[in-house]
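Contents: one structure, followed by commentary.
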Amino acid sequence: MRPLLQRVFPALCSAATRAVLGRRTVPMALRPAEGAERAGGDARSAAGAVPEHDGLENVQQKKIFEENKEKTQHREEPCAADSVDSLMSEMPFVDTDIEDECAMHATSELSIKKKRKQTTGREIEEDMERKKKKNKQYQPNYFISLPITNPKITGSIQAVQDAIIQKDQRLSKAMVRSGSLHVTMLVMHLSSEEEIRIAVGALSDSKIFVDDLLKGKRVDLSFQGIDHFRNQVGFVNLAENDHTTLLKEIAETMTKIFQEKGIMAGEERSFKPHLTFMKLSKSTELRKQVKKIDSSLYEDFKNHYFGDEILHRFDLCSMLKKKQPNGYYYCESSIVFGKSHEADLVKEALRRETQALLPRLNQIKELLTSPEIRTKISKELFEDRHDSKSKWKSCIDSESPNA
């Protein structure tokens, strides 16, 4: 603090120092003269002499004064440290520490930084919330499915699931039902009935391009071996061959067709066809209990051959709508390939007709369960029955011989 004040207030320091030192030094220099004067007066009084004013005393005082003045000037030149201390002690801000001032400034700066950090943190959180909402808005809710219908494949997967559950009962909640087994070709987000209609049209248009890629060939997809995604998802691999390569080309072509129609389809990562049979995300409670799926649970099936699936159909399925009774996803539309699958075309047509009739059947059921409608129907039936009896009786009477 003191060095700083000396630099900031050099003139004040010098002037104040001289004033203090002058005030302190001069009286000290005069004391011997006063003592000598008193001594001389006492001596003369004791001798009975009359006081004299002969100038000798004045000369002596002048001499002492000049000596003291020289000493004072000599002391003023170096500006002693103790004098500066005395000066500093008289300053009103002497007890204020510059480190405290700096600390206060640093604290205020730290507080500002914290506020900025808090503001920045809030902005980041708000930005994350916006991204979450945006991501939620565009989360996939539909997908193109390649259904697995070969009983050999579904039966083998069921055997693997049973073996895993025997070792860890908790994972029963993670298993995919045999009716839901499929290979996902691509995912998309459809936010309205209009977009669903466009997606149905895109799937229908895809058939022409897929048929052109197939050129009448049959695609046999061979499933062999088990792998996982980050120990969260267990799936059966597709053996790498020409048929699997063709399936990847089909997926890429379909993705482009959907995107050209304005549908948000496809994923950033490259397409890896697989058949999921187990995933922890099926149960929130399970994910709290089991963080990872132990690969040793299916060690015996890691290289197991599950069977072949012949490509014959693609479905546009909903992830959120209620599944069908057999466990398969709600299907908006389908396309079928190959001449040997004419029966599937008939089944698909019947399925669509059934879905169209279901709302009407439900309305009829609701009407029949209404007490008023039931009473009205019963009354009408009774009247019809009574009328029929009357007509029947009149007919018999008319045909009677006695009539």
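Letters for chains follow the order of the structure tokens (A, B, ...), residue numbers begin at 1 for each chain, and ligand numbers begin at 1 in the order shown.
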Which polymer residues have any atom within 9 Å of an atom of Ile157 (chain A), counting only C-alpha atoms, with same-chain residues fewer than 3 positions away left out, as a ChimeraX atom specification?
-> /A:152-154,160-162,178,236,277,306
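Residues with any atom within 7 Å of His182 (chain A), counting only C-alpha atoms and excluding same-chain neighbours fewer than 5 positions away, are A:Ser145, A:Leu146, A:Pro147, A:Ile148, A:Leu275.
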Please provide the set of residues having any atom within 12 Å of Glu193 (chain A), restricted to only C-alpha atoms, with same-chain residues fewer than 6 positions apart removed, written as a PyMOL selection string.
-> chain A and resi 199-200+332
Shell of 10 Å around region 211-225 of chain A, only C-alpha atoms, local chain residues under 3 positions omitted, as a ChimeraX atom specification = /A:153,206-208,235-244,246-247,249-250,253,274-275,301-312,336-339
Go ahead and dump the residues you just picked, N, CA and C atoms, as an mmCIF file, in the first residue's frame.
```cif
data_model
loop_
_atom_site.group_PDB
_atom_site.id
_atom_site.type_symbol
_atom_site.label_atom_id
_atom_site.label_comp_id
_atom_site.auth_asym_id
_atom_site.auth_seq_id
_atom_site.Cartn_x
_atom_site.Cartn_y
_atom_site.Cartn_z
ATOM 1 N N ILE A 153 -36.390 -70.524 -38.878
ATOM 2 C CA ILE A 153 -35.704 -69.364 -38.285
ATOM 3 C C ILE A 153 -36.372 -68.972 -36.977
ATOM 4 N N SER A 206 -41.862 -48.047 -55.272
ATOM 5 C CA SER A 206 -40.611 -48.792 -55.074
ATOM 6 C C SER A 206 -40.650 -50.162 -55.738
ATOM 7 N N LYS A 207 -41.829 -50.719 -55.859
ATOM 8 C CA LYS A 207 -41.958 -52.072 -56.417
ATOM 9 C C LYS A 207 -41.367 -52.164 -57.820
ATOM 10 N N ILE A 208 -41.592 -51.117 -58.615
ATOM 11 C CA ILE A 208 -41.091 -51.123 -59.995
ATOM 12 C C ILE A 208 -39.566 -51.186 -59.996
ATOM 13 N N PHE A 235 -28.770 -59.679 -31.859
ATOM 14 C CA PHE A 235 -29.366 -59.921 -33.173
ATOM 15 C C PHE A 235 -28.661 -61.065 -33.889
ATOM 16 N N VAL A 236 -29.368 -61.586 -34.894
ATOM 17 C CA VAL A 236 -28.821 -62.632 -35.759
ATOM 18 C C VAL A 236 -28.270 -61.967 -37.015
ATOM 19 N N ASN A 237 -27.071 -62.364 -37.411
ATOM 20 C CA ASN A 237 -26.419 -61.784 -38.592
ATOM 21 C C ASN A 237 -26.956 -62.369 -39.886
ATOM 22 N N LEU A 238 -26.876 -61.579 -40.946
ATOM 23 C CA LEU A 238 -27.096 -62.082 -42.290
ATOM 24 C C LEU A 238 -25.732 -62.423 -42.886
ATOM 25 N N ALA A 239 -25.615 -63.609 -43.417
ATOM 26 C CA ALA A 239 -24.346 -64.021 -44.024
ATOM 27 C C ALA A 239 -24.041 -63.124 -45.222
ATOM 28 N N GLU A 240 -22.797 -62.683 -45.318
ATOM 29 C CA GLU A 240 -22.396 -61.811 -46.416
ATOM 30 C C GLU A 240 -22.276 -62.613 -47.702
ATOM 31 N N ASN A 241 -23.123 -62.285 -48.682
ATOM 32 C CA ASN A 241 -23.062 -62.907 -50.009
ATOM 33 C C ASN A 241 -23.709 -61.971 -51.023
ATOM 34 N N ASP A 242 -23.858 -62.430 -52.243
ATOM 35 C CA ASP A 242 -24.425 -61.583 -53.297
ATOM 36 C C ASP A 242 -25.864 -61.181 -52.990
ATOM 37 N N HIS A 243 -26.587 -62.062 -52.340
ATOM 38 C CA HIS A 243 -27.989 -61.764 -52.022
ATOM 39 C C HIS A 243 -28.092 -60.652 -50.968
ATOM 40 N N THR A 244 -27.188 -60.687 -50.007
ATOM 41 C CA THR A 244 -27.175 -59.627 -48.981
ATOM 42 C C THR A 244 -26.769 -58.295 -49.610
ATOM 43 N N LEU A 246 -27.373 -57.398 -52.664
ATOM 44 C CA LEU A 246 -28.553 -56.958 -53.412
ATOM 45 C C LEU A 246 -29.583 -56.337 -52.476
ATOM 46 N N LEU A 247 -29.736 -56.924 -51.299
ATOM 47 C CA LEU A 247 -30.675 -56.370 -50.318
ATOM 48 C C LEU A 247 -30.261 -54.954 -49.907
ATOM 49 N N GLU A 249 -28.644 -52.831 -51.797
ATOM 50 C CA GLU A 249 -28.962 -51.968 -52.937
ATOM 51 C C GLU A 249 -30.441 -51.618 -52.948
ATOM 52 N N ILE A 250 -31.271 -52.592 -52.617
ATOM 53 C CA ILE A 250 -32.718 -52.350 -52.552
ATOM 54 C C ILE A 250 -33.029 -51.301 -51.484
ATOM 55 N N THR A 253 -32.036 -47.867 -52.717
ATOM 56 C CA THR A 253 -32.973 -47.382 -53.736
ATOM 57 C C THR A 253 -34.281 -46.916 -53.112
ATOM 58 N N HIS A 274 -30.001 -56.836 -40.167
ATOM 59 C CA HIS A 274 -29.879 -57.757 -39.034
ATOM 60 C C HIS A 274 -31.266 -58.123 -38.522
ATOM 61 N N LEU A 275 -31.322 -59.202 -37.780
ATOM 62 C CA LEU A 275 -32.585 -59.704 -37.230
ATOM 63 C C LEU A 275 -32.519 -59.634 -35.705
ATOM 64 N N PHE A 301 -24.519 -70.295 -29.245
ATOM 65 C CA PHE A 301 -25.206 -70.058 -30.523
ATOM 66 C C PHE A 301 -24.509 -69.004 -31.387
ATOM 67 N N LYS A 302 -23.304 -68.642 -31.027
ATOM 68 C CA LYS A 302 -22.633 -67.543 -31.728
ATOM 69 C C LYS A 302 -22.434 -67.824 -33.215
ATOM 70 N N ASN A 303 -22.247 -69.069 -33.583
ATOM 71 C CA ASN A 303 -22.039 -69.429 -34.992
ATOM 72 C C ASN A 303 -23.160 -70.318 -35.527
ATOM 73 N N HIS A 304 -24.275 -70.301 -34.847
ATOM 74 C CA HIS A 304 -25.386 -71.185 -35.204
ATOM 75 C C HIS A 304 -26.033 -70.746 -36.526
ATOM 76 N N TYR A 305 -26.403 -71.724 -37.345
ATOM 77 C CA TYR A 305 -27.124 -71.452 -38.591
ATOM 78 C C TYR A 305 -28.627 -71.518 -38.304
ATOM 79 N N PHE A 306 -29.333 -70.422 -38.596
ATOM 80 C CA PHE A 306 -30.745 -70.322 -38.248
ATOM 81 C C PHE A 306 -31.677 -70.678 -39.408
ATOM 82 N N GLY A 307 -31.204 -70.518 -40.640
ATOM 83 C CA GLY A 307 -32.045 -70.826 -41.797
ATOM 84 C C GLY A 307 -32.051 -69.709 -42.813
ATOM 85 N N ASP A 308 -32.815 -69.913 -43.907
ATOM 86 C CA ASP A 308 -32.906 -68.930 -44.995
ATOM 87 C C ASP A 308 -34.321 -68.359 -45.086
ATOM 88 N N GLU A 309 -34.401 -67.103 -45.433
ATOM 89 C CA GLU A 309 -35.685 -66.432 -45.660
ATOM 90 C C GLU A 309 -35.707 -65.941 -47.101
ATOM 91 N N ILE A 310 -36.758 -66.307 -47.827
ATOM 92 C CA ILE A 310 -36.902 -65.875 -49.215
ATOM 93 C C ILE A 310 -37.581 -64.506 -49.232
ATOM 94 N N LEU A 311 -36.942 -63.546 -49.898
ATOM 95 C CA LEU A 311 -37.519 -62.196 -49.984
ATOM 96 C C LEU A 311 -38.777 -62.235 -50.849
ATOM 97 N N HIS A 312 -39.905 -61.885 -50.254
ATOM 98 C CA HIS A 312 -41.153 -61.880 -51.018
ATOM 99 C C HIS A 312 -42.071 -60.704 -50.685
ATOM 100 N N VAL A 336 -45.439 -57.026 -52.798
ATOM 101 C CA VAL A 336 -45.070 -58.437 -52.854
ATOM 102 C C VAL A 336 -44.279 -58.699 -54.126
ATOM 103 N N PHE A 337 -43.298 -59.603 -54.054
ATOM 104 C CA PHE A 337 -42.437 -59.930 -55.194
ATOM 105 C C PHE A 337 -42.554 -61.410 -55.540
ATOM 106 N N GLY A 338 -42.340 -61.723 -56.827
ATOM 107 C CA GLY A 338 -42.244 -63.116 -57.264
ATOM 108 C C GLY A 338 -43.579 -63.711 -57.656
ATOM 109 N N LYS A 339 -43.557 -64.564 -58.693
ATOM 110 C CA LYS A 339 -44.774 -65.210 -59.184
ATOM 111 C C LYS A 339 -45.289 -66.269 -58.215
#
```
Residues near Lys173 (chain A), cut-off 9 Å, only C-alpha atoms, skip fewer than 4 positions along chain, as an MDAnalysis selection string = chainID A and resid 169 278:280 282:283 286
Select, from A:Val290, A:Val233, A:Ile196, A:Leu316, the residue with the minimum atom-to-atom distance to Ile144 (chain A), counting only C-alpha atoms.
->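 Looking only at the distances to Ile144 (chain A), the closest residue turns out to be A:Leu316.
If you look at CA of Gln355 (chain A) and CA of Ile198 (chain A), they are 19.4 Å away from each other.
Residue nearest Leu186 (chain A) within the list A:Phe229, A:Phe209, A:Tyr298, A:Tyr142: A:Tyr142 [criterion: smallest interatomic distance, only C-alpha atoms].
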Would you kindly return, as a list in words, each protein, DNA or RNA residue with an atom no farther than 10 Å from any atom of Lys261 (chain A), considering only C-alpha atoms and excluding same-chain residues fewer than 2 positions away?
->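 Once the adjacent positions are removed, what remains is Glu195, Ile198, Ala199, Gly201, Ala202, Lys256, Ile257, Phe258, Gln259, Ile263, Met264 and Ala265 of chain A.
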Work out how far apart CA of Arg374 (chain A) and CA of Leu361 (chain A) are and give it in Å to one decimal.
->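 Answer for the CA of Arg374 (chain A) to CA of Leu361 (chain A) separation: 16.4 Å.
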